[in-house]
$ cat input-v2.cif   # mmCIF, C-alpha atoms
data_entry
loop_
_atom_site.label_atom_id
_atom_site.label_comp_id
_atom_site.auth_asym_id
_atom_site.auth_seq_id
_atom_site.Cartn_x
_atom_site.Cartn_y
_atom_site.Cartn_z
CA MET D 1321 19.72 19.40 -1.77
CA ASN D 1322 18.67 21.55 1.18
CA PRO D 1323 15.26 20.37 2.46
CA LEU D 1324 14.51 23.80 3.89
CA LEU D 1325 12.81 25.65 1.06
CA PRO D 1326 12.09 29.38 0.94
CA ALA D 1327 8.62 30.60 1.77
CA THR D 1328 8.01 31.60 -1.83
CA LEU D 1329 8.25 27.94 -2.84
CA LEU D 1330 6.09 26.81 0.05
CA ALA D 1331 3.30 28.93 -1.36
CA VAL D 1332 2.90 26.56 -4.32
CA SER D 1333 2.21 23.60 -2.03
CA VAL D 1334 -1.53 24.15 -2.13
CA VAL D 1335 -1.72 23.87 -5.92
CA THR D 1336 -3.75 20.81 -6.78
CA THR D 1337 -2.31 18.01 -8.88
CA SER D 1338 -4.27 17.39 -12.06
CA TYR D 1339 -5.26 13.84 -12.89
CA ALA D 1340 -6.37 12.30 -16.15
CA THR D 1341 -10.16 12.36 -15.99
CA SER D 1342 -10.04 10.45 -19.27
CA ASP D 1343 -8.96 7.40 -17.24
CA HIS D 1344 -11.94 5.07 -17.04
CA ARG D 1345 -11.38 1.50 -15.91
CA PRO D 1346 -14.30 -0.48 -14.47
CA ALA D 1347 -13.62 -2.77 -11.52
CA SER D 1348 -12.67 -6.14 -12.98
CA ASP D 1349 -10.68 -9.24 -12.16
CA LEU D 1350 -9.42 -9.33 -15.74
CA PRO D 1351 -6.07 -7.83 -16.74
CA PRO D 1352 -6.31 -4.75 -18.97
CA GLY D 1353 -5.79 -4.47 -22.69
CA GLY D 1354 -7.19 -7.89 -23.49
CA LEU D 1355 -4.02 -9.51 -22.13
CA ALA D 1356 -4.06 -12.94 -20.56
CA ALA D 1357 -2.85 -13.31 -16.98
CA THR D 1358 0.23 -15.18 -18.21
CA GLN D 1359 1.21 -12.14 -20.29
CA VAL D 1360 1.14 -9.46 -17.61
CA PRO D 1361 3.72 -8.55 -14.99
CA GLN D 1362 2.93 -9.44 -11.39
CA PHE D 1363 3.21 -6.01 -9.83
CA VAL D 1364 4.10 -5.80 -6.15
CA MET D 1365 3.99 -2.48 -4.31
CA ILE D 1366 5.14 -1.82 -0.76
CA GLY D 1367 3.61 1.30 0.77
CA PHE D 1368 4.78 2.37 4.24
CA ASP D 1369 2.49 4.59 6.35
CA ASP D 1370 3.31 7.21 9.01
CA ASN D 1371 7.15 6.98 8.93
CA PRO D 1372 7.85 8.87 12.17
CA ASN D 1373 11.31 7.41 12.87
CA LEU D 1374 14.59 7.96 11.09
CA GLU D 1375 16.45 4.67 11.48
CA PRO D 1376 13.76 2.27 10.15
CA MET D 1377 13.41 4.43 7.04
CA GLU D 1378 17.17 4.34 6.55
CA TRP D 1379 17.08 0.54 6.94
CA ILE D 1380 14.57 -0.06 4.14
CA LEU D 1381 16.13 2.57 1.86
CA ASP D 1382 19.56 0.99 2.33
CA PHE D 1383 18.16 -2.49 1.68
CA LEU D 1384 16.41 -1.46 -1.53
CA ALA D 1385 19.15 0.81 -2.82
CA GLU D 1386 20.83 -1.73 -5.12
CA LYS D 1387 17.88 -4.06 -5.74
CA ARG D 1388 16.69 -4.45 -9.30
CA ASN D 1389 13.73 -6.18 -10.88
CA PRO D 1390 14.12 -9.36 -12.94
CA ALA D 1391 15.99 -8.60 -16.15
CA GLY D 1392 13.43 -10.02 -18.56
CA LEU D 1393 14.45 -9.05 -22.07
CA GLY D 1394 15.24 -5.47 -21.11
CA GLN D 1395 11.83 -4.08 -22.03
CA ALA D 1396 11.37 -0.68 -20.38
CA ALA D 1397 7.56 -0.75 -20.64
CA THR D 1398 7.41 -3.72 -18.23
CA PHE D 1399 10.15 -2.34 -15.94
CA ASP D 1400 12.64 -5.09 -16.78
CA ASN D 1401 15.76 -4.63 -14.64
CA ALA D 1402 14.34 -1.36 -13.26
CA PRO D 1403 15.39 -0.30 -9.76
CA VAL D 1404 13.16 -1.67 -7.01
CA ARG D 1405 11.33 1.20 -5.38
CA GLY D 1406 8.42 1.63 -2.93
CA ALA D 1407 6.12 4.28 -1.53
CA PHE D 1408 5.98 6.24 1.72
CA TYR D 1409 2.68 7.74 2.89
CA SER D 1410 3.88 10.07 5.62
CA ASN D 1411 2.39 12.44 8.19
CA GLY D 1412 3.53 16.05 8.37
CA ARG D 1413 3.25 16.13 12.17
CA TYR D 1414 6.44 14.05 12.27
CA LEU D 1415 8.22 15.83 9.43
CA ASP D 1416 7.80 19.43 10.51
CA PRO D 1417 9.87 19.31 13.74
CA SER D 1418 12.65 17.03 12.42
CA LEU D 1419 15.29 18.13 9.93
CA LYS D 1420 16.77 14.62 9.86
CA LEU D 1421 13.41 13.09 9.01
CA ARG D 1422 12.85 15.63 6.24
CA GLU D 1423 16.28 14.78 4.87
CA VAL D 1424 15.59 11.04 4.75
CA HIS D 1425 12.29 11.70 2.97
CA LEU D 1426 14.11 13.81 0.42
CA ARG D 1427 16.62 11.00 0.01
CA ALA D 1428 13.76 8.59 -0.67
CA HIS D 1429 12.34 10.93 -3.30
CA ASP D 1430 15.69 11.53 -4.96
CA GLU D 1431 16.34 7.77 -5.15
CA GLY D 1432 13.07 7.23 -7.00
CA HIS D 1433 10.65 6.21 -4.27
CA GLU D 1434 7.16 7.67 -4.25
CA LEU D 1435 6.06 10.05 -1.47
CA GLY D 1436 2.34 10.15 -0.72
CA ASN D 1437 -0.08 11.96 1.54
CA HIS D 1438 -1.34 10.32 4.76
CA THR D 1439 -2.85 13.48 6.31
CA TYR D 1440 -0.97 15.85 8.58
CA SER D 1441 -2.28 14.86 12.01
CA HIS D 1442 -3.08 11.14 11.61
CA HIS D 1443 -6.52 11.50 13.16
CA GLN D 1444 -9.29 8.96 12.73
CA GLY D 1445 -11.27 10.87 10.11
CA GLY D 1446 -14.39 8.79 9.73
CA GLU D 1447 -16.54 11.76 10.75
CA PHE D 1448 -14.58 14.51 8.95
CA THR D 1449 -16.26 16.96 6.61
CA VAL D 1450 -14.86 17.58 3.13
CA GLU D 1451 -13.19 20.75 4.38
CA GLU D 1452 -11.58 18.95 7.32
CA TRP D 1453 -10.13 16.33 4.98
CA LEU D 1454 -8.91 19.06 2.62
CA GLU D 1455 -7.18 20.94 5.42
CA GLU D 1456 -5.36 17.78 6.51
CA MET D 1457 -4.29 17.21 2.90
CA ARG D 1458 -3.14 20.81 2.48
CA GLN D 1459 -1.09 20.83 5.67
CA ASN D 1460 0.55 17.56 4.79
CA ARG D 1461 1.38 18.70 1.29
CA ARG D 1462 3.07 21.78 2.77
CA ALA D 1463 5.11 19.57 5.11
CA LEU D 1464 6.29 17.40 2.24
CA VAL D 1465 7.15 20.43 0.13
CA LYS D 1466 9.12 21.76 3.09
CA ALA D 1467 11.08 18.51 2.94
CA GLY D 1468 11.84 19.16 -0.74
CA ILE D 1469 9.15 16.93 -2.31
CA PRO D 1470 7.52 18.80 -5.22
CA ALA D 1471 3.77 19.17 -4.86
CA THR D 1472 3.26 17.71 -8.33
CA ASP D 1473 5.00 14.49 -7.25
CA GLN D 1474 2.56 13.91 -4.40
CA ILE D 1475 -0.13 12.04 -6.32
CA GLY D 1476 -1.34 9.33 -3.90
CA PHE D 1477 -3.32 9.24 -0.68
CA ARG D 1478 -4.13 6.78 2.09
CA THR D 1479 -6.23 7.52 5.16
CA PRO D 1480 -5.02 6.81 8.69
CA PHE D 1481 -6.44 3.56 10.09
CA LEU D 1482 -8.07 2.96 6.66
CA ALA D 1483 -10.94 5.03 8.07
CA TYR D 1484 -12.98 6.98 5.54
CA ASN D 1485 -16.41 8.35 4.69
CA ALA D 1486 -18.08 9.75 1.60
CA ALA D 1487 -16.44 13.13 2.28
CA THR D 1488 -12.98 11.55 2.03
CA PHE D 1489 -13.38 10.81 -1.65
CA ALA D 1490 -15.07 14.09 -2.43
CA ALA D 1491 -11.95 15.74 -0.96
CA ILE D 1492 -9.62 13.40 -2.87
CA ALA D 1493 -11.29 14.38 -6.13
CA GLU D 1494 -11.32 18.09 -5.28
CA PHE D 1495 -7.69 18.07 -4.16
CA GLY D 1496 -6.66 16.36 -7.37
CA PHE D 1497 -5.00 13.20 -6.17
CA VAL D 1498 -4.38 10.72 -8.98
CA TYR D 1499 -5.15 7.73 -6.79
CA ASP D 1500 -6.24 6.52 -3.39
CA THR D 1501 -5.11 3.28 -1.74
CA THR D 1502 -7.42 3.02 1.26
CA ILE D 1503 -10.37 0.81 0.31
CA GLU D 1504 -10.13 -2.85 1.24
CA GLU D 1505 -11.02 -5.37 -1.43
CA GLY D 1506 -11.15 -9.14 -1.36
CA ASN D 1507 -13.70 -9.63 1.41
CA GLN D 1508 -16.19 -10.83 -1.16
CA PRO D 1509 -16.88 -14.55 -0.47
CA ASP D 1510 -16.14 -15.57 -4.07
CA GLN D 1511 -12.67 -13.98 -4.02
CA ASP D 1512 -9.89 -16.28 -2.84
CA GLY D 1513 -6.63 -14.51 -3.60
CA THR D 1514 -6.42 -15.76 -7.18
CA ASN D 1515 -9.17 -13.54 -8.56
CA TYR D 1516 -8.86 -10.19 -6.77
CA LEU D 1517 -9.80 -6.98 -8.56
CA TRP D 1518 -7.27 -5.03 -10.57
CA PRO D 1519 -7.00 -1.26 -9.83
CA TYR D 1520 -10.02 0.64 -11.11
CA THR D 1521 -11.38 4.16 -11.34
CA LEU D 1522 -14.21 5.31 -9.12
CA ASP D 1523 -16.62 6.11 -11.95
CA ALA D 1524 -19.10 3.62 -10.46
CA GLY D 1525 -17.86 3.76 -6.91
CA SER D 1526 -16.06 0.80 -5.34
CA PRO D 1527 -17.14 -2.84 -4.97
CA GLY D 1528 -15.25 -3.21 -1.69
CA ASN D 1529 -16.86 -0.08 -0.32
CA ALA D 1530 -20.29 -1.19 -1.54
CA LEU D 1531 -19.91 -4.46 0.37
CA SER D 1532 -18.95 -2.63 3.57
CA ALA D 1533 -21.71 -0.04 3.06
CA ASP D 1534 -24.32 -2.76 2.60
CA GLN D 1535 -23.16 -4.18 5.95
CA GLY D 1536 -23.56 -0.76 7.59
CA GLN D 1537 -19.84 -0.36 8.29
CA VAL D 1538 -19.07 2.75 6.20
CA GLU D 1539 -20.74 5.38 4.07
CA ARG D 1540 -21.13 4.60 0.40
CA VAL D 1541 -18.58 6.26 -1.88
CA ALA D 1542 -20.08 8.25 -4.74
CA SER D 1543 -18.95 8.30 -8.34
CA HIS D 1544 -15.65 10.14 -8.86
CA PRO D 1545 -14.71 9.66 -12.53
CA GLY D 1546 -11.02 9.49 -13.27
CA VAL D 1547 -9.87 8.91 -9.69
CA TRP D 1548 -7.98 5.63 -9.38
CA GLU D 1549 -8.36 3.18 -6.53
CA ILE D 1550 -5.40 0.89 -5.90
CA PRO D 1551 -7.09 -1.54 -3.54
CA LEU D 1552 -5.59 -2.77 -0.32
CA HIS D 1553 -6.49 -6.43 -0.76
CA GLN D 1554 -6.79 -8.96 1.99
CA PHE D 1555 -3.71 -11.03 2.74
CA MET D 1556 -4.31 -14.78 2.56
CA VAL D 1557 -3.22 -17.04 5.43
CA PRO D 1558 -1.94 -20.52 4.49
CA LYS D 1559 -4.13 -23.49 5.32
CA ASP D 1560 -2.78 -26.10 7.72
CA GLU D 1561 -1.60 -28.46 4.99
CA LEU D 1562 0.46 -25.66 3.41
CA CYS D 1563 2.05 -24.18 6.53
CA GLU D 1564 5.09 -26.46 6.53
CA HIS D 1565 5.79 -25.56 2.91
CA TYR D 1566 5.95 -21.92 3.97
CA GLY D 1567 8.20 -22.59 6.94
CA VAL D 1568 5.78 -22.37 9.87
CA PRO D 1569 3.99 -24.96 12.02
CA ALA D 1570 0.49 -26.03 11.05
CA GLY D 1571 -2.31 -24.16 12.74
CA LEU D 1572 -1.46 -20.60 11.68
CA ARG D 1573 -5.13 -19.75 11.12
CA GLN D 1574 -6.02 -21.12 14.54
CA ARG D 1575 -3.28 -19.04 16.17
CA ILE D 1576 -4.65 -15.90 14.56
CA TYR D 1577 -8.16 -16.82 15.66
CA HIS D 1578 -6.98 -17.32 19.25
CA ASN D 1579 -4.83 -14.18 19.40
CA VAL D 1580 -7.45 -11.88 17.90
CA LYS D 1581 -10.16 -13.26 20.16
CA THR D 1582 -7.91 -13.02 23.23
CA HIS D 1583 -6.35 -9.60 22.66
CA GLU D 1584 -8.90 -7.78 20.51
CA GLY D 1585 -12.13 -9.38 21.69
CA TRP D 1586 -13.67 -10.22 18.33
CA ILE D 1587 -13.91 -13.31 16.15
CA TRP D 1588 -11.63 -13.79 13.15
CA ASN D 1589 -12.91 -15.93 10.27
CA ARG D 1590 -10.64 -18.99 10.15
CA GLU D 1591 -12.42 -20.52 7.17
CA ALA D 1592 -11.92 -17.51 4.89
CA GLY D 1593 -8.31 -17.10 6.03
CA LYS D 1594 -8.24 -13.40 5.10
CA ILE D 1595 -6.60 -10.60 7.08
CA THR D 1596 -6.35 -6.90 6.22
CA GLY D 1597 -3.34 -6.27 3.99
CA LEU D 1598 -1.34 -4.21 6.50
CA ASP D 1599 1.63 -5.42 8.51
CA TRP D 1600 0.02 -3.86 11.61
CA ASN D 1601 -2.90 -6.28 11.43
CA VAL D 1602 -0.58 -9.28 11.18
CA LEU D 1603 2.12 -8.23 13.64
CA GLU D 1604 0.23 -6.18 16.22
CA MET D 1605 -3.42 -7.18 16.01
CA ALA D 1606 -2.84 -10.90 15.39
CA HIS D 1607 0.38 -10.92 17.46
CA LEU D 1608 2.37 -12.96 14.96
CA ASP D 1609 6.13 -13.05 14.48
CA GLY D 1610 8.36 -12.51 11.47
CA PRO D 1611 8.27 -16.07 10.08
CA ASP D 1612 4.45 -16.09 10.25
CA PHE D 1613 4.32 -12.76 8.43
CA LEU D 1614 6.69 -14.04 5.77
CA ALA D 1615 4.56 -17.15 5.25
CA ILE D 1616 1.45 -15.01 4.74
CA LEU D 1617 3.19 -12.70 2.27
CA LYS D 1618 4.65 -15.58 0.25
CA TYR D 1619 1.34 -17.45 0.12
CA THR D 1620 -0.52 -14.28 -0.88
CA LEU D 1621 1.94 -13.67 -3.72
CA ASP D 1622 1.87 -17.29 -4.88
CA LEU D 1623 -1.93 -17.20 -5.16
CA ARG D 1624 -1.67 -14.07 -7.32
CA LEU D 1625 0.89 -15.72 -9.58
CA ALA D 1626 -1.33 -18.79 -9.95
CA GLY D 1627 -4.35 -16.60 -10.70
CA ASN D 1628 -5.05 -13.33 -12.47
CA ARG D 1629 -1.93 -11.46 -11.26
CA ALA D 1630 -3.84 -8.52 -9.80
CA PRO D 1631 -1.28 -6.06 -8.39
CA LEU D 1632 -0.37 -6.70 -4.76
CA MET D 1633 -0.12 -3.76 -2.38
CA VAL D 1634 1.69 -4.64 0.84
CA GLY D 1635 0.69 -2.05 3.44
CA GLY D 1636 3.50 -1.31 5.88
CA HIS D 1637 4.63 0.93 8.72
CA THR D 1638 8.36 1.57 9.00
CA GLN D 1639 8.06 2.09 12.76
CA LEU D 1640 7.11 -1.59 13.14
CA TYR D 1641 10.64 -2.57 12.06
CA PRO D 1642 12.94 -1.22 14.80
CA VAL D 1643 16.38 -2.70 15.38
CA SER D 1644 14.92 -4.49 18.40
CA LYS D 1645 12.60 -6.54 16.10
CA PRO D 1646 15.09 -8.29 13.79
CA ASP D 1647 12.61 -11.06 12.89
CA ARG D 1648 10.34 -8.48 11.29
CA ARG D 1649 13.14 -6.95 9.25
CA GLU D 1650 14.28 -10.40 8.16
CA ALA D 1651 10.72 -11.24 7.07
CA MET D 1652 10.35 -8.11 4.93
CA GLU D 1653 13.79 -8.56 3.39
CA ALA D 1654 13.15 -12.24 2.70
CA PHE D 1655 9.80 -11.48 1.08
CA ILE D 1656 11.33 -8.89 -1.22
CA ASP D 1657 14.04 -11.34 -2.26
CA TYR D 1658 11.43 -14.09 -2.73
CA ALA D 1659 9.30 -11.83 -4.91
CA LEU D 1660 12.29 -10.83 -7.02
CA SER D 1661 13.17 -14.49 -7.55
CA LYS D 1662 9.99 -14.80 -9.64
CA THR D 1663 10.67 -13.83 -13.25
CA GLU D 1664 7.17 -12.39 -13.67
CA VAL D 1665 7.33 -10.06 -10.65
CA ARG D 1666 8.01 -6.34 -10.87
CA LEU D 1667 8.38 -4.55 -7.53
CA VAL D 1668 7.50 -0.97 -8.39
CA THR D 1669 5.75 2.17 -7.17
CA PRO D 1670 2.01 2.82 -7.51
CA ARG D 1671 2.83 5.57 -10.00
CA GLN D 1672 4.56 2.99 -12.20
CA VAL D 1673 1.61 0.60 -11.97
CA LEU D 1674 -0.73 3.35 -13.17
CA GLU D 1675 1.70 4.18 -15.97
CA TRP D 1676 1.47 0.58 -17.15
CA LEU D 1677 -2.31 0.38 -16.72
CA ARG D 1678 -2.76 3.35 -19.04
CA LYS D 1679 -0.64 1.63 -21.73
CA PRO D 1680 -0.54 -2.09 -20.91
CA VAL D 1681 2.31 -4.00 -22.52
CA ALA D 1682 2.84 -7.75 -22.34
CA LEU D 1683 5.97 -9.22 -20.84
CA ALA D 1684 8.44 -9.95 -23.61
CA LYS D 1685 8.92 -13.65 -24.31
#
$ encode --input "input-v2.cif" --output "C-alpha cells"
Amino acid sequence: MNPLLPATLLAVSVVTTSYATSDHRPASDLPPGGLAATQVPQFVMIGFDDNPNLEPMEWILDFLAEKRNPAGLGQAATFDNAPVRGAFYSNGRYLDPSLKLREVHLRAHDEGHELGNHTYSHHQGGEFTVEEWLEEMRQNRRALVKAGIPATDQIGFRTPFLAYNAATFAAIAEFGFVYDTTIEEGNQPDQDGTNYLWPYTLDAGSPGNALSADQGQVERVASHPGVWEIPLHQFMVPKDELCEHYGVPAGLRQRIYHNVKTHEGWIWNREAGKITGLDWNVLEMAHLDGPDFLAILKYTLDLRLAGNRAPLMVGGHTQLYPVSKPDRREAMEAFIDYALSKTEVRLVTPRQVLEWLRKPVALAK
C-alpha cells in the first residue's frame, strides 16, 4: 500500500473518533465481571513512544512477527494463540519528512499492531491550553493518516514525558480518544505490585492523579465519563534476597539509589522499590544495563501473576534499542519470551485489552 495518500483523504484526518460513553468502570484492584484473579488472563502490553528511527522499529517488528500467545484451549475471547502485537505512540515530526519511516509504520499497522497519538512536536505540555493540546493531536493524526493509518484506528494517546495538566484530559475527551495511557499508578504506599489498579474510566477522575495533585505535583484531572485510563504502573525492583533468582547481583535497589542520586540529583526510595514504568527511567535515568532491566520486568510480571493480574503496560522507546546496545535488545526479547512461557499471559494491544474489559471472559480450563 502506498503511504502517500491524496489530499482528499487527508481531509478526514481531523474527524474525531467516537468512544463508548456507556463505558463506566470505577478504579478497582478487582478483576471485572466478578471473576477471580485465577480466572483472568494476565495481559501484557508493550507501548513504544516516539519511534523516530527506522531500524529499531524493524527489529521489534521482525522479532514479534511470528510470535503467538499461549495456545490455551483455542478460545478467541481470551486471545488464545493470537498473534503477539504491541503499540506504537509516535510523533508526526519524525514521520512527515521520512517516507521510509511512514512505510514501517504502515507495516506495523498492517501486521496488526496499534498506532497511537503521542503529539506532533513532542513538547513538554504541562502548561498547554486545551486548544494547544488539540492542535498537537490534530497535526499528529494528519501525519499518521499520511502514513496510511486510518484516523478511526488511532484510538489511544500518551503525552510526551508523561507530562499533563487538566487541559490534557479535556482535550482527550473533546478529541474523542478511547483511552489515555499517561497517568502513573502504583505510588500509593499500600500498593506493592500484586494489587495494582485495573484500567478504569475517568468518571471520578484518577486515583494516581489525585495522589500527585494532593502532593502539589500536577493539576487535578476532572471527571471525563467514558474515557478509559490504562495506567502506566510502577515497575517493581527485586529485593536483595531475590536478585540472584533474577540473574543479577544483590544490591540492585542500592545501585539505582546511587545512580539516580549521582546523575539526577534526587533521592530514589529504596524501601518502596518502585520506578516509573518506562524503559527510559530504568536505562537512562537509573543507568542500568540490559540484565538489570530484564530482572525488573520479570519480577514485576511475577508479582502480577501472584496477585490480582492487573494488566501490565511496559512503556518503551524504540530508539533506546539501537544495534549498538545489544544487551537492551536481548533484555526485551528475553522478557517477551519469558512472558509467553506463562500459560496465563496474553501479550496484546491496548485495544484488545479494552475489548476484553467490555466483555470479560474467563480463561478456559
$ residues_around --input "input-v2.cif" --residues "segment 1402-1408 of chain D" --least-positions-apart "5" --cutoff "7 Å" --atoms "all atoms listed in the file" --output "PDB file with C-alpha atoms, in the coordinates of the input"
ATOM      1  CA  MET D1365       3.990  -2.480  -4.310  1.00  0.00           C
ATOM      2  CA  ILE D1366       5.140  -1.820  -0.760  1.00  0.00           C
ATOM      3  CA  GLY D1367       3.610   1.300   0.770  1.00  0.00           C
ATOM      4  CA  PHE D1368       4.780   2.370   4.240  1.00  0.00           C
ATOM      5  CA  ASP D1369       2.490   4.590   6.350  1.00  0.00           C
ATOM      6  CA  LEU D1384      16.410  -1.460  -1.530  1.00  0.00           C
ATOM      7  CA  LYS D1387      17.880  -4.060  -5.740  1.00  0.00           C
ATOM      8  CA  ARG D1388      16.690  -4.450  -9.300  1.00  0.00           C
ATOM      9  CA  ASN D1389      13.730  -6.180 -10.880  1.00  0.00           C
ATOM     10  CA  GLY D1432      13.070   7.230  -7.000  1.00  0.00           C
ATOM     11  CA  HIS D1433      10.650   6.210  -4.270  1.00  0.00           C
ATOM     12  CA  GLU D1434       7.160   7.670  -4.250  1.00  0.00           C
ATOM     13  CA  LEU D1435       6.060  10.050  -1.470  1.00  0.00           C
ATOM     14  CA  GLY D1436       2.340  10.150  -0.720  1.00  0.00           C
ATOM     15  CA  LEU D1667       8.380  -4.550  -7.530  1.00  0.00           C
ATOM     16  CA  VAL D1668       7.500  -0.970  -8.390  1.00  0.00           C
ATOM     17  CA  THR D1669       5.750   2.170  -7.170  1.00  0.00           C
TER      18      THR D1669
END
$ residues_around --input "input-v2.cif" --residues "Leu1350 of chain D" --least-positions-apart "5" --cutoff "8 Å" --atoms "all atoms listed in the file" --output "list in words"
Ala1357, Leu1517, Trp1518 and Asn1628 of chain D
$ resolve_selection --input "input-v2.cif" --expression "the PyMOL selection byres ((chain D and resi 1545) around 10)" --output "VMD selection string"
chain D and resid 1340 to 1345 1493 1521 to 1525 1542 to 1544 1546 to 1548
$ atom_distance --input "input-v2.cif" --atom1 "atom CA of Gln1672 of chain D" --atom2 "atom CA of Asn1411 of chain D"
22.6 Å
$ residues_around --input "input-v2.cif" --residues "Leu1572 of chain D" --least-positions-apart "3" --cutoff "10 Å" --atoms "all atoms listed in the file" --output "ChimeraX atom specification"
/D:1557-1560,1562-1563,1568-1569,1575-1578,1590,1593,1608,1612,1615-1616
$ resolve_selection --input "input-v2.cif" --expression "the PyMOL selection byres ((chain D and resi 1631) around 7)" --output "list in words"
Gln1362, Phe1363, Val1364, Trp1518, Arg1629, Ala1630, Leu1632 and Met1633 of chain D
$ resolve_selection --input "input-v2.cif" --expression "the PyMOL selection byres ((chain D and resi 1513) around 12)" --output "ChimeraX atom specification"
/D:1349,1505-1512,1514-1518,1553-1558,1592-1595,1597,1616-1632
$ axis_aligned_box --input "input-v2.cif" --around "segment 1402-1416 of chain D" --padding-each-side "4 Å" --output "AutoDock Vina command-line options"
--center_x 8.9 --center_y 8.9 --center_z -0.5 --size_x 21.0 --size_y 29.1 --size_z 33.5
$ atom_distance --input "input-v2.cif" --atom1 "atom CA of Glu1591 of chain D" --atom2 "atom CA of Gly1571 of chain D"
12.1 Å
$ closest_residue --input "input-v2.cif" --among "D:Ser1526, D:Lys1679, D:Arg1413, D:Glu1431" --to "Pro1346 of chain D" --atoms "all atoms listed in the file"
D:Ser1526
